[in-house]
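A quick write-up on the structure given underneath.
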Amino acid sequence: MSRQHIISVLLENESGALSRVAGLFSARAYNIESLTVAPTLDESLSRLTLVTIGSEETIEQIKKQLNKLVDVVKLIDLSESFSLERELALVKVKKSAAMVQRIEALDSDTLARIADETDGYLIVELSGENAWLDDFLQDMQDDVIEVVRTGVIGLSRGERALTL
Amino acid sequence: MVELSGGEIVIQSLKDEGVEYVFGYPGGCVLHIYDAIFKQEDVKHVLVRHEQGATHAADGYARSSGKPGVVLVTSGPGATNAVTGIATAYMDSIPLVVITGQVPRPVIGTDAFQEVDTVGITRPCVKHNFLVKDVADIAETMKKAFYLATSGRPGPVVVDIPKDITDPSIKVPYHYPSKVTMRSYTPVVSGDIGQTIKAIKLIKEAKRPVIYSGGGVILGEASNELRELCRTLNFPVTQTLMGLGAFPGTDPQSIGMLGMHGTYEANMAMHDSDLIIAIGARFDDRVTGKIAEFCPHAKIIHIDVDPASISKTITVDVPIVGQVKPILLDMLAQLKSLGETFDRARIADWWKQIEDWRAVDCMAYDKNSGTIKPQYVIEQLYQVTKGEAFVTSDVGQHQMFAAQFYPFDKPRRWINSGGLGTMGFGLPAAMGVKFAHPEADVACVTGEGSIQMCLQELSTMLQYDTPVKIINLNNGYLGMVRQWQEFTYKSRYSHSYMEALPDFKKLAEAYGHVGMQITKKEDVEPALREAFAMKDRTVFLDFLTDREENVYPMIEAGKAHNDMVMAPNSIYKRILA
């Protein structure tokens with residue numbers, strides 16, 4: 001049975017390292033739903049988070065193949081443990097009283113705020129679990145002019161951490 | 001500390017790494033490096049005639065010697081021509097270090113003359129690659145390249161070096177590290193002893209075991225340990241195309257190669273087995289046939305240095321990740337402490353069954369035919385060389401005939417492109433073998449299709465005096481393609497025939513070698529004797545063979561092990577009738 005997995009990878013911060021990961025996914029015909037990467041506090045390392053969908057066997061093979069890449073230092077499958085995931089989206093909508101009310105009415109557990117207002121247009125900043133974002137954007141789709149999403153990031157809860 | 005230029009550092013690194021030969025071809029972006037080669041004599045350069053030849057020659061050198069092969073080519077087309085050879089080495093896990101020139105750093109990305117994104121192009125077919133951006137990094141990068149190429153699961157590593165950092169006027173202190181560590185690369189050595197103990201438990205219970213041994217045993221220098229394990233267990237041994245020679249092919253315990261053109265007994269044994277012990281083998285599709293029906297009754301133990309090879313296509317019961325050699329030593333120690341006897345009698349019924357299958361004589365061919373059968377040529381080659389030659393091959397029917405009819409008793413004697421299936425591999429590979437083993441008999445078994453793909457290396461072989469014997473099984477067809485067309489396309493021979501073949505005898509002579517054309521069966525053996533007696537000459541033996549001989553048995557693509565196509569006149573067919 002196919003399931004979504006969030007895999008976090010510590011990667012050598014070398015030129016070409018990201019393309020090795022991306023190339024692996026295309027060469028072996030693995031799905032890649034989202035991918036986000038940025039340097040860590042240790043500038044020699046990047047942390048890459050990717051979301052993929054596959055059967056247990058495929059996910060196992062993806063993790064092995066990732067580990068086999070010489071630039072991959074360590075990885076963790078966040079879906080194997082209790083983890084916190086977040087995705088950020090910026091959404092452009094036309095300003096209306098109804099829209100402002102709708103944003104302000106959102107559950108305080110999720111981050112949703114008006115980050116910018118220019119010439120009668122709003123940029124709404126949303127952050128939450130990716131499924132919540134999907135649903136929210138689905139509901140808003142008639143009003144959305146433009147949307148950009150960061151892709152999922154996550155950390156495992158409690159003591160478990162992806163560090164060297 | 002001595003100060004050297006980038007170009008000198010490249011060559012000094014090779015020297016410090018103990019490299020004997022570099023197979024290469026000069027060009028604009030490697031001129032500084034070539035100038036450094038000119039000024040020394042320790043590292044010998046072999047000027048090939050095409051960069052593909054350089055990679056295959058280095059590959060043949062590596063496969064036959066166990067040492068890494070080294071290639072030096074220029075940027076752009078030099079690098080792209082090398083790609084086929086790099087991919088060939090990658091698929092068979094052969095250690096190569098391929099140094100490619102790159103355009104100077106300031107013009108990278110401007111579509112400069114002979115610029116190509118070498119790191120990008122080679123990325124999917126290397127173990128790792130580097131673009132060196134600073135002259136001060138060359139030495140350490142070279143060390144890393146050799147370390148990566150030769151450790152863990154070996155493979156090719158490309159080092160792309162921009163021309164400006166090899167400039168002779170810029171010198172930096174040179175230090176070649178004796179050792180290098182990489183936090184992101186820590187290959188496994190020994191296996192988990194708990195897993196080995198689990199494996200032993202399965203071995204004890206097995207009634208119909210098969211040892212399935214692959215190229216990893218040869219790469220891991222574990223042939224002796226494999227032999228000891230096989231002798232201890234008295235289990236039947238089948239070997240993959242890449243593994244031939246790790247266990248002696250002439251030993252009665254060997255049941256031959258398995259897979260698409262494997263023996264009847266090996267494939268039937270796999271199908272009926274209750275325990276497969278896979279050692280340094282990767283369950284390639286040419287071996288497994290139909291995945292869903294692969295070894296339906298068997299538990300599987302899998303020893304491999306590459307965790308990603310475990311359960312990639314076939315789910316296994318007891319994986320043991322690590323180098324083959326220490327794991328086999330663990331197994332042997334465990335077996336010894338068991339104090340049980342694993343003689344043939346223990347699995348007598350199983351051996352009886354296997355001998356019945358073996359009696360089918362699945363590779364029998366028409367020995368009374370008046371034509372030269374390709375199998376007959378290989379049998380004679382075996383006789384004339386007393387089974388001691390290094391045999392390289394190209395890809396196609398001749399490759400399978402060589403694998404079937406030349407039993408190898410030693411590792412590293414059988415050199416072929418198993419994974420990528422690269423036509424054109426055989427001749428330059430044979431040249432590479434000859435550099436590693438100047439005194440040995442080296443034969444290149446090929447066909448009139450394959451040989452024309454890297455034929456230009458005949459010229460290199462004259463220049464460097466690397467005499468090999470070219471066994472051209474010339475049937476005027478791209479034989480394996482024709483065979484598939486016969487079986488699955490109702491003999492519609494679409495473009496599997498070449499209408500204008502060269503006169504190979506004259507061609508060989510034009511290159512300064514000896515050419516022979518053999519058209520009669522009775523001339524096969526004398527011609528081979530005459531050729532191998534000419535120790536210092538490359539001889540091109542053009543055998544005009546039976547035009548429509550097929551390779552049997554054959555498991556057609558997507559079929560199961562027990563679903564083999566047998567030769568039309570085989571005993572098996574007669575039994576069925």
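Order determines the names: the first chain of the structure tokens is A, the second B, and so forth; residues in each chain are numbered 1 upward, and ligands are numbered 1 upward as they are shown.
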Quick check: residues of chain A within 8 Å of chain B, only C-alpha atoms, returned as an mmCIF file with all heavy atoms, in the first residue's frame.
```cif
data_model
loop_
_atom_site.group_PDB
_atom_site.id
_atom_site.type_symbol
_atom_site.label_atom_id
_atom_site.label_comp_id
_atom_site.auth_asym_id
_atom_site.auth_seq_id
_atom_site.Cartn_x
_atom_site.Cartn_y
_atom_site.Cartn_z
ATOM 1 N N GLU A 12 25.880 17.009 2.567
ATOM 2 C CA GLU A 12 27.045 17.896 2.462
ATOM 3 C C GLU A 12 26.627 19.131 1.664
ATOM 4 O O GLU A 12 26.007 19.009 0.612
ATOM 5 C CB GLU A 12 28.204 17.186 1.733
ATOM 6 C CG GLU A 12 28.824 16.021 2.493
ATOM 7 C CD GLU A 12 29.648 16.438 3.713
ATOM 8 O OE1 GLU A 12 29.796 17.662 3.960
ATOM 9 O OE2 GLU A 12 30.116 15.535 4.422
ATOM 10 N N ARG A 20 22.143 15.552 -7.174
ATOM 11 C CA ARG A 20 22.296 14.099 -6.999
ATOM 12 C C ARG A 20 21.009 13.498 -6.429
ATOM 13 O O ARG A 20 20.580 12.420 -6.828
ATOM 14 C CB ARG A 20 23.454 13.783 -6.044
ATOM 15 C CG ARG A 20 24.806 14.074 -6.634
ATOM 16 C CD ARG A 20 25.921 13.685 -5.668
ATOM 17 N NE ARG A 20 27.073 14.523 -5.884
ATOM 18 C CZ ARG A 20 27.975 14.350 -6.858
ATOM 19 N NH1 ARG A 20 27.818 13.361 -7.706
ATOM 20 N NH2 ARG A 20 28.988 15.157 -7.004
ATOM 21 N N GLY A 23 18.269 13.887 -9.098
ATOM 22 C CA GLY A 23 18.559 12.958 -10.190
ATOM 23 C C GLY A 23 18.242 11.524 -9.817
ATOM 24 O O GLY A 23 17.749 10.747 -10.639
ATOM 25 N N LEU A 24 18.510 11.175 -8.564
ATOM 26 C CA LEU A 24 18.211 9.817 -8.092
ATOM 27 C C LEU A 24 16.712 9.528 -8.249
ATOM 28 O O LEU A 24 16.313 8.456 -8.698
ATOM 29 C CB LEU A 24 18.630 9.686 -6.619
ATOM 30 C CG LEU A 24 18.191 8.425 -5.897
ATOM 31 C CD1 LEU A 24 18.931 7.224 -6.452
ATOM 32 C CD2 LEU A 24 18.444 8.544 -4.410
ATOM 33 N N ALA A 27 15.867 9.248 -12.017
ATOM 34 C CA ALA A 27 16.478 8.079 -12.660
ATOM 35 C C ALA A 27 15.799 6.788 -12.234
ATOM 36 O O ALA A 27 15.698 5.845 -13.022
ATOM 37 C CB ALA A 27 17.966 8.020 -12.315
ATOM 38 N N GLU A 57 8.177 -1.133 0.392
ATOM 39 C CA GLU A 57 9.395 -1.611 -0.286
ATOM 40 C C GLU A 57 10.072 -0.459 -1.032
ATOM 41 O O GLU A 57 11.288 -0.311 -0.997
ATOM 42 C CB GLU A 57 9.066 -2.728 -1.288
ATOM 43 C CG GLU A 57 8.527 -4.018 -0.686
ATOM 44 C CD GLU A 57 7.058 -3.930 -0.279
ATOM 45 O OE1 GLU A 57 6.279 -3.262 -0.989
ATOM 46 O OE2 GLU A 57 6.689 -4.513 0.759
ATOM 47 N N GLN A 61 13.720 1.239 -0.337
ATOM 48 C CA GLN A 61 14.717 1.346 -1.415
ATOM 49 C C GLN A 61 15.141 2.813 -1.596
ATOM 50 O O GLN A 61 16.321 3.090 -1.779
ATOM 51 C CB GLN A 61 14.091 0.771 -2.695
ATOM 52 C CG GLN A 61 15.012 0.447 -3.831
ATOM 53 C CD GLN A 61 16.275 -0.340 -3.517
ATOM 54 O OE1 GLN A 61 17.313 -0.005 -4.045
ATOM 55 N NE2 GLN A 61 16.231 -1.359 -2.700
ATOM 56 N N LYS A 64 17.577 3.604 1.144
ATOM 57 C CA LYS A 64 18.875 2.966 0.900
ATOM 58 C C LYS A 64 19.637 3.683 -0.206
ATOM 59 O O LYS A 64 20.840 3.906 -0.108
ATOM 60 C CB LYS A 64 18.671 1.502 0.492
ATOM 61 C CG LYS A 64 18.288 0.585 1.658
ATOM 62 C CD LYS A 64 17.987 -0.794 1.099
ATOM 63 C CE LYS A 64 17.724 -1.819 2.184
ATOM 64 N NZ LYS A 64 17.300 -3.092 1.586
ATOM 65 N N GLN A 65 18.925 4.017 -1.275
ATOM 66 C CA GLN A 65 19.592 4.685 -2.392
ATOM 67 C C GLN A 65 20.068 6.084 -1.984
ATOM 68 O O GLN A 65 21.128 6.524 -2.405
ATOM 69 C CB GLN A 65 18.654 4.775 -3.611
ATOM 70 C CG GLN A 65 18.334 3.429 -4.258
ATOM 71 C CD GLN A 65 19.522 2.781 -4.962
ATOM 72 O OE1 GLN A 65 20.567 3.396 -5.163
ATOM 73 N NE2 GLN A 65 19.379 1.519 -5.328
ATOM 74 N N LYS A 68 23.122 5.775 -0.021
ATOM 75 C CA LYS A 68 24.247 5.367 -0.863
ATOM 76 C C LYS A 68 24.921 6.568 -1.522
ATOM 77 O O LYS A 68 26.089 6.498 -1.892
ATOM 78 C CB LYS A 68 23.702 4.403 -1.928
ATOM 79 C CG LYS A 68 24.743 3.533 -2.572
ATOM 80 C CD LYS A 68 24.042 2.473 -3.402
ATOM 81 C CE LYS A 68 24.898 2.019 -4.543
ATOM 82 N NZ LYS A 68 24.243 0.976 -5.331
ATOM 83 N N LEU A 69 24.190 7.676 -1.677
ATOM 84 C CA LEU A 69 24.803 8.870 -2.270
ATOM 85 C C LEU A 69 25.917 9.354 -1.349
ATOM 86 O O LEU A 69 25.714 9.500 -0.143
ATOM 87 C CB LEU A 69 23.764 9.977 -2.457
ATOM 88 C CG LEU A 69 22.661 9.729 -3.481
ATOM 89 C CD1 LEU A 69 21.667 10.895 -3.472
ATOM 90 C CD2 LEU A 69 23.238 9.546 -4.879
ATOM 91 N N VAL A 70 27.057 9.595 -1.948
ATOM 92 C CA VAL A 70 28.223 9.952 -1.136
ATOM 93 C C VAL A 70 28.005 11.257 -0.382
ATOM 94 O O VAL A 70 28.515 11.443 0.715
ATOM 95 C CB VAL A 70 29.489 9.988 -2.024
ATOM 96 C CG1 VAL A 70 30.661 10.605 -1.293
ATOM 97 C CG2 VAL A 70 29.840 8.572 -2.484
ATOM 98 N N ASP A 71 27.203 12.179 -0.918
ATOM 99 C CA ASP A 71 26.978 13.453 -0.228
ATOM 100 C C ASP A 71 25.962 13.369 0.914
ATOM 101 O O ASP A 71 25.815 14.319 1.674
ATOM 102 C CB ASP A 71 26.513 14.520 -1.235
ATOM 103 C CG ASP A 71 27.671 15.031 -2.079
ATOM 104 O OD1 ASP A 71 28.826 14.940 -1.620
ATOM 105 O OD2 ASP A 71 27.423 15.516 -3.198
ATOM 106 N N VAL A 72 25.261 12.263 1.023
ATOM 107 C CA VAL A 72 24.271 12.134 2.103
ATOM 108 C C VAL A 72 24.973 11.668 3.375
ATOM 109 O O VAL A 72 25.625 10.630 3.399
ATOM 110 C CB VAL A 72 23.149 11.144 1.719
ATOM 111 C CG1 VAL A 72 22.297 10.787 2.933
ATOM 112 C CG2 VAL A 72 22.279 11.750 0.619
ATOM 113 N N VAL A 73 24.849 12.491 4.433
ATOM 114 C CA VAL A 73 25.525 12.153 5.686
ATOM 115 C C VAL A 73 24.622 11.274 6.555
ATOM 116 O O VAL A 73 25.063 10.293 7.128
ATOM 117 C CB VAL A 73 25.935 13.435 6.447
ATOM 118 C CG1 VAL A 73 26.700 13.088 7.723
ATOM 119 C CG2 VAL A 73 26.791 14.337 5.556
ATOM 120 N N LYS A 74 23.351 11.636 6.609
ATOM 121 C CA LYS A 74 22.433 10.935 7.500
ATOM 122 C C LYS A 74 21.004 11.248 7.091
ATOM 123 O O LYS A 74 20.750 12.326 6.550
ATOM 124 C CB LYS A 74 22.665 11.483 8.928
ATOM 125 C CG LYS A 74 22.461 10.496 10.047
ATOM 126 C CD LYS A 74 22.926 11.131 11.334
ATOM 127 C CE LYS A 74 22.701 10.190 12.487
ATOM 128 N NZ LYS A 74 23.076 10.837 13.763
#
```
(request) Using DSSP on the backbone, list every residue of stretch 220-456 of chain B that comes out as strand (DSSP E or B), and give them as a ChimeraX atom specification. (result) /B:237-239,254-257,275-279,299-304,318-321,390-393,414-415,442-447
For the residues in the current selection, export N, CA, C and O atoms as a compact mmCIF listing (two decimals), in the first residue's frame.
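After the write, result.txt holds the following:
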```txt
# COMPACT_ATOMS: atom_id res chain seq x y z
N VAL B 237 26.59 -25.46 -6.65
CA VAL B 237 26.98 -24.06 -6.82
C VAL B 237 26.63 -23.60 -8.23
O VAL B 237 27.05 -24.21 -9.21
N THR B 238 25.85 -22.53 -8.31
CA THR B 238 25.64 -21.90 -9.62
C THR B 238 26.22 -20.50 -9.56
O THR B 238 26.23 -19.87 -8.50
N GLN B 239 26.77 -20.05 -10.69
CA GLN B 239 27.41 -18.74 -10.71
C GLN B 239 26.77 -17.86 -11.77
O GLN B 239 26.33 -18.33 -12.81
N SER B 254 29.96 -27.68 -9.39
CA SER B 254 29.43 -26.55 -10.15
C SER B 254 28.31 -27.03 -11.06
O SER B 254 28.48 -28.01 -11.80
N ILE B 255 27.19 -26.35 -11.02
CA ILE B 255 26.09 -26.74 -11.92
C ILE B 255 25.90 -25.70 -13.03
O ILE B 255 24.88 -25.64 -13.69
N GLY B 256 26.95 -24.89 -13.22
CA GLY B 256 26.96 -23.96 -14.35
C GLY B 256 26.33 -22.62 -14.02
O GLY B 256 25.94 -22.35 -12.88
N MET B 257 26.24 -21.83 -15.06
CA MET B 257 25.68 -20.49 -14.94
C MET B 257 24.17 -20.58 -14.82
O MET B 257 23.56 -21.54 -15.31
N LEU B 275 16.44 -23.41 -0.30
CA LEU B 275 17.33 -22.40 0.31
C LEU B 275 18.33 -21.88 -0.73
O LEU B 275 19.13 -22.65 -1.26
N ILE B 276 18.26 -20.59 -0.96
CA ILE B 276 19.22 -19.94 -1.86
C ILE B 276 20.20 -19.16 -0.99
O ILE B 276 19.78 -18.36 -0.15
N ILE B 277 21.49 -19.43 -1.21
CA ILE B 277 22.51 -18.63 -0.52
C ILE B 277 23.14 -17.73 -1.58
O ILE B 277 23.98 -18.17 -2.37
N ALA B 278 22.67 -16.48 -1.63
CA ALA B 278 23.16 -15.53 -2.64
C ALA B 278 24.36 -14.80 -2.07
O ALA B 278 24.28 -14.19 -1.01
N ILE B 279 25.48 -14.90 -2.79
CA ILE B 279 26.72 -14.31 -2.28
C ILE B 279 27.28 -13.34 -3.32
O ILE B 279 27.70 -13.74 -4.40
N LYS B 299 13.75 -20.14 0.92
CA LYS B 299 14.18 -19.05 1.80
C LYS B 299 15.46 -18.51 1.16
O LYS B 299 16.19 -19.25 0.48
N ILE B 300 15.73 -17.23 1.37
CA ILE B 300 16.91 -16.64 0.73
C ILE B 300 17.81 -15.95 1.75
O ILE B 300 17.35 -15.12 2.55
N ILE B 301 19.09 -16.34 1.70
CA ILE B 301 20.13 -15.64 2.45
C ILE B 301 20.86 -14.78 1.43
O ILE B 301 21.18 -15.24 0.34
N HIS B 302 21.10 -13.52 1.76
CA HIS B 302 21.76 -12.64 0.79
C HIS B 302 22.92 -11.89 1.44
O HIS B 302 22.71 -11.08 2.34
N ILE B 303 24.12 -12.18 0.96
CA ILE B 303 25.31 -11.49 1.43
C ILE B 303 25.70 -10.46 0.39
O ILE B 303 25.94 -10.81 -0.77
N ASP B 304 25.77 -9.19 0.78
CA ASP B 304 26.16 -8.16 -0.17
C ASP B 304 26.72 -6.95 0.56
O ASP B 304 26.27 -6.61 1.66
N VAL B 318 17.15 -13.56 5.04
CA VAL B 318 18.26 -13.23 5.94
C VAL B 318 19.31 -12.41 5.17
O VAL B 318 20.19 -12.96 4.51
N PRO B 319 19.21 -11.08 5.23
CA PRO B 319 20.24 -10.27 4.60
C PRO B 319 21.46 -10.15 5.52
O PRO B 319 21.30 -10.06 6.74
N ILE B 320 22.64 -10.21 4.94
CA ILE B 320 23.86 -9.96 5.70
C ILE B 320 24.66 -8.91 4.92
O ILE B 320 25.16 -9.19 3.83
N VAL B 321 24.72 -7.70 5.46
CA VAL B 321 25.38 -6.62 4.75
C VAL B 321 26.83 -6.51 5.22
O VAL B 321 27.11 -6.43 6.41
N PHE B 390 43.06 -15.56 -20.31
CA PHE B 390 42.12 -14.51 -19.95
C PHE B 390 41.22 -14.33 -21.17
O PHE B 390 41.72 -14.17 -22.28
N VAL B 391 39.92 -14.39 -20.97
CA VAL B 391 39.00 -14.28 -22.10
C VAL B 391 38.12 -13.05 -21.90
O VAL B 391 37.40 -12.96 -20.91
N THR B 392 38.22 -12.11 -22.83
CA THR B 392 37.28 -10.99 -22.80
C THR B 392 36.22 -11.26 -23.86
O THR B 392 36.43 -12.07 -24.76
N SER B 393 35.09 -10.61 -23.73
CA SER B 393 34.11 -10.78 -24.79
C SER B 393 33.38 -9.48 -25.05
O SER B 393 33.42 -8.55 -24.25
N TRP B 414 37.59 -14.15 -16.71
CA TRP B 414 36.46 -13.92 -17.62
C TRP B 414 36.04 -12.47 -17.49
O TRP B 414 35.59 -12.04 -16.43
N ILE B 415 36.23 -11.72 -18.58
CA ILE B 415 36.09 -10.27 -18.53
C ILE B 415 35.01 -9.89 -19.53
O ILE B 415 35.23 -9.92 -20.75
N VAL B 442 45.77 -13.97 -23.93
CA VAL B 442 44.53 -13.20 -23.83
C VAL B 442 43.74 -13.38 -25.13
O VAL B 442 44.29 -13.18 -26.22
N ALA B 443 42.51 -13.81 -24.98
CA ALA B 443 41.65 -13.98 -26.15
C ALA B 443 40.47 -13.03 -26.04
O ALA B 443 39.90 -12.86 -24.95
N CYS B 444 40.11 -12.42 -27.15
CA CYS B 444 38.91 -11.59 -27.21
C CYS B 444 37.88 -12.32 -28.07
O CYS B 444 38.07 -12.46 -29.28
N VAL B 445 36.84 -12.84 -27.42
CA VAL B 445 35.79 -13.52 -28.18
C VAL B 445 34.77 -12.47 -28.60
O VAL B 445 34.24 -11.74 -27.75
N THR B 446 34.53 -12.40 -29.89
CA THR B 446 33.70 -11.30 -30.38
C THR B 446 32.89 -11.77 -31.59
O THR B 446 32.91 -12.95 -31.95
N GLY B 447 32.16 -10.85 -32.14
CA GLY B 447 31.40 -11.13 -33.35
C GLY B 447 31.63 -10.02 -34.36
O GLY B 447 32.19 -8.97 -34.00
```
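You will find atom CA of B:Asp343 at 16.0 Å from atom CA of B:Glu355.
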(request) Extract, using only C-alpha atoms, all DNA, RNA and protein residues at most 10 Å from stretch 374-376 of chain B, discarding same-chain residues fewer than 4 positions from it, and format them as a ChimeraX atom specification. (result) /B:363-367,380-382,397-398,400-402,404-406,472-475,521,524-525,543-547,549-551
Pull N, CA, C and O atoms from the residues just selected and write them as a tab-separated table (two decimals), in the first residue's frame.
```tsv
chain	number	residue	atom	x	y	z
B	363	MET	N	23.32	-28.15	-23.11
B	363	MET	CA	24.09	-27.33	-24.06
B	363	MET	C	24.58	-28.14	-25.27
B	363	MET	O	25.40	-27.65	-26.05
B	364	ALA	N	24.05	-29.35	-25.40
B	364	ALA	CA	24.46	-30.17	-26.54
B	364	ALA	C	24.14	-29.44	-27.84
B	364	ALA	O	23.12	-28.77	-27.96
B	365	TYR	N	25.04	-29.55	-28.80
B	365	TYR	CA	24.78	-28.96	-30.11
B	365	TYR	C	25.16	-30.01	-31.16
B	365	TYR	O	25.73	-31.06	-30.83
B	366	ASP	N	24.87	-29.73	-32.39
B	366	ASP	CA	25.08	-30.70	-33.46
B	366	ASP	C	26.57	-30.81	-33.79
B	366	ASP	O	27.11	-30.01	-34.56
B	367	LYS	N	27.20	-31.81	-33.20
B	367	LYS	CA	28.66	-31.96	-33.38
B	367	LYS	C	28.99	-32.53	-34.75
B	367	LYS	O	30.14	-32.49	-35.19
B	380	GLN	N	37.34	-25.52	-28.74
B	380	GLN	CA	38.72	-25.66	-29.20
B	380	GLN	C	39.62	-24.60	-28.58
B	380	GLN	O	40.77	-24.86	-28.24
B	381	LEU	N	39.07	-23.40	-28.43
B	381	LEU	CA	39.83	-22.33	-27.76
B	381	LEU	C	40.21	-22.77	-26.35
B	381	LEU	O	41.34	-22.57	-25.90
B	382	TYR	N	39.25	-23.41	-25.69
B	382	TYR	CA	39.51	-23.91	-24.33
B	382	TYR	C	40.63	-24.95	-24.36
B	382	TYR	O	41.55	-24.90	-23.54
B	397	GLN	N	25.54	-13.28	-28.86
B	397	GLN	CA	25.60	-14.75	-28.80
B	397	GLN	C	26.99	-15.25	-28.43
B	397	GLN	O	27.13	-16.15	-27.61
B	398	HIS	N	28.02	-14.65	-29.05
B	398	HIS	CA	29.38	-15.13	-28.79
B	398	HIS	C	29.74	-15.03	-27.30
B	398	HIS	O	30.45	-15.85	-26.76
B	400	MET	N	27.65	-15.37	-24.80
B	400	MET	CA	27.00	-16.48	-24.10
B	400	MET	C	27.70	-17.80	-24.40
B	400	MET	O	27.89	-18.64	-23.52
B	401	PHE	N	28.10	-17.99	-25.68
B	401	PHE	CA	28.82	-19.23	-26.01
B	401	PHE	C	30.13	-19.31	-25.22
B	401	PHE	O	30.50	-20.38	-24.72
B	402	ALA	N	30.82	-18.18	-25.10
B	402	ALA	CA	32.08	-18.18	-24.34
B	402	ALA	C	31.80	-18.52	-22.88
B	402	ALA	O	32.51	-19.33	-22.26
B	404	GLN	N	29.37	-20.21	-21.69
B	404	GLN	CA	28.87	-21.58	-21.55
B	404	GLN	C	29.96	-22.63	-21.82
B	404	GLN	O	29.97	-23.68	-21.18
B	405	PHE	N	30.84	-22.35	-22.79
B	405	PHE	CA	31.73	-23.41	-23.26
B	405	PHE	C	33.19	-23.24	-22.87
B	405	PHE	O	34.04	-24.04	-23.27
B	406	TYR	N	33.49	-22.18	-22.12
B	406	TYR	CA	34.85	-22.02	-21.62
B	406	TYR	C	34.76	-21.99	-20.10
B	406	TYR	O	34.62	-20.91	-19.51
B	472	ASN	N	36.85	-14.06	-33.76
B	472	ASN	CA	35.65	-13.43	-34.33
B	472	ASN	C	34.68	-14.52	-34.82
B	472	ASN	O	34.96	-15.22	-35.79
B	473	LEU	N	33.57	-14.68	-34.11
B	473	LEU	CA	32.56	-15.66	-34.52
B	473	LEU	C	31.64	-14.94	-35.50
B	473	LEU	O	30.68	-14.27	-35.11
B	474	ASN	N	31.99	-15.08	-36.77
B	474	ASN	CA	31.36	-14.28	-37.82
B	474	ASN	C	30.25	-15.08	-38.49
B	474	ASN	O	30.51	-15.98	-39.28
B	475	ASN	N	29.01	-14.75	-38.13
B	475	ASN	CA	27.89	-15.43	-38.78
B	475	ASN	C	27.12	-14.49	-39.70
B	475	ASN	O	26.06	-14.83	-40.22
B	521	LYS	N	35.64	-26.51	-40.73
B	521	LYS	CA	35.65	-27.02	-39.37
B	521	LYS	C	37.01	-27.61	-39.01
B	521	LYS	O	37.54	-27.36	-37.91
B	524	VAL	N	39.77	-25.26	-37.70
B	524	VAL	CA	39.57	-24.44	-36.49
B	524	VAL	C	40.71	-24.64	-35.49
B	524	VAL	O	41.36	-23.67	-35.06
B	525	GLU	N	40.92	-25.89	-35.13
B	525	GLU	CA	41.92	-26.16	-34.10
B	525	GLU	C	43.33	-25.80	-34.56
B	525	GLU	O	44.06	-25.09	-33.83
B	543	PHE	N	36.38	-16.49	-37.95
B	543	PHE	CA	35.73	-17.80	-38.16
B	543	PHE	C	34.38	-17.59	-38.82
B	543	PHE	O	33.50	-16.93	-38.24
B	544	LEU	N	34.19	-18.15	-40.00
B	544	LEU	CA	32.88	-18.05	-40.64
B	544	LEU	C	32.02	-19.19	-40.09
B	544	LEU	O	32.18	-20.35	-40.47
B	545	THR	N	31.14	-18.84	-39.18
B	545	THR	CA	30.42	-19.87	-38.43
B	545	THR	C	29.02	-20.10	-39.00
B	545	THR	O	28.53	-19.31	-39.83
B	546	ASP	N	28.41	-21.16	-38.48
B	546	ASP	CA	27.02	-21.47	-38.80
B	546	ASP	C	26.18	-20.20	-38.65
B	546	ASP	O	26.22	-19.54	-37.63
B	547	ARG	N	25.42	-19.88	-39.67
B	547	ARG	CA	24.78	-18.56	-39.67
B	547	ARG	C	23.61	-18.44	-38.71
B	547	ARG	O	23.32	-17.36	-38.20
B	549	GLU	N	22.87	-20.47	-35.88
B	549	GLU	CA	22.92	-21.20	-34.60
B	549	GLU	C	22.35	-20.32	-33.49
B	549	GLU	O	22.53	-19.10	-33.50
B	550	ASN	N	21.63	-20.95	-32.57
B	550	ASN	CA	21.05	-20.21	-31.45
B	550	ASN	C	21.72	-20.59	-30.14
B	550	ASN	O	22.31	-21.66	-30.02
B	551	VAL	N	21.58	-19.71	-29.16
B	551	VAL	CA	22.07	-19.98	-27.82
B	551	VAL	C	20.95	-20.67	-27.04
B	551	VAL	O	19.86	-20.11	-26.90
```
(request) Return as JSON, numbers by chain the full set of residues in stretch 432-573 of chain B whose backbone-based DSSP assignment is helix (DSSP H, G or I). (result) {"B": [432, 433, 434, 435, 436, 450, 451, 452, 453, 457, 458, 459, 460, 461, 462, 463, 479, 480, 481, 482, 483, 484, 485, 486, 487, 488, 504, 505, 506, 507, 508, 509, 510, 521, 522, 523, 524, 525, 526, 527, 528, 529, 530, 531, 532, 533, 571, 572, 573]}
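The interatomic distance for the pair atom CA of B:Gly479 and atom CA of B:Thr80 works out to 28.4 Å.
Atom to atom, atom CA of B:Lys373 and atom CA of B:Ile555 stand 21.5 Å apart.
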(message) Can you pull out the residues contacting A:Ile53? Cut-off 8 Å, using only C-alpha atoms, and skip same-chain residues under 3 positions away; I want them as a PyMOL selection string.
(response) chain A and resi 2-5+31-33+59
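Remark: for A:Glu125, the closest of the candidate residues A:Leu50, A:Leu90, A:Ala97, A:Ala161 is A:Leu90 (distances computed over only C-alpha atoms).
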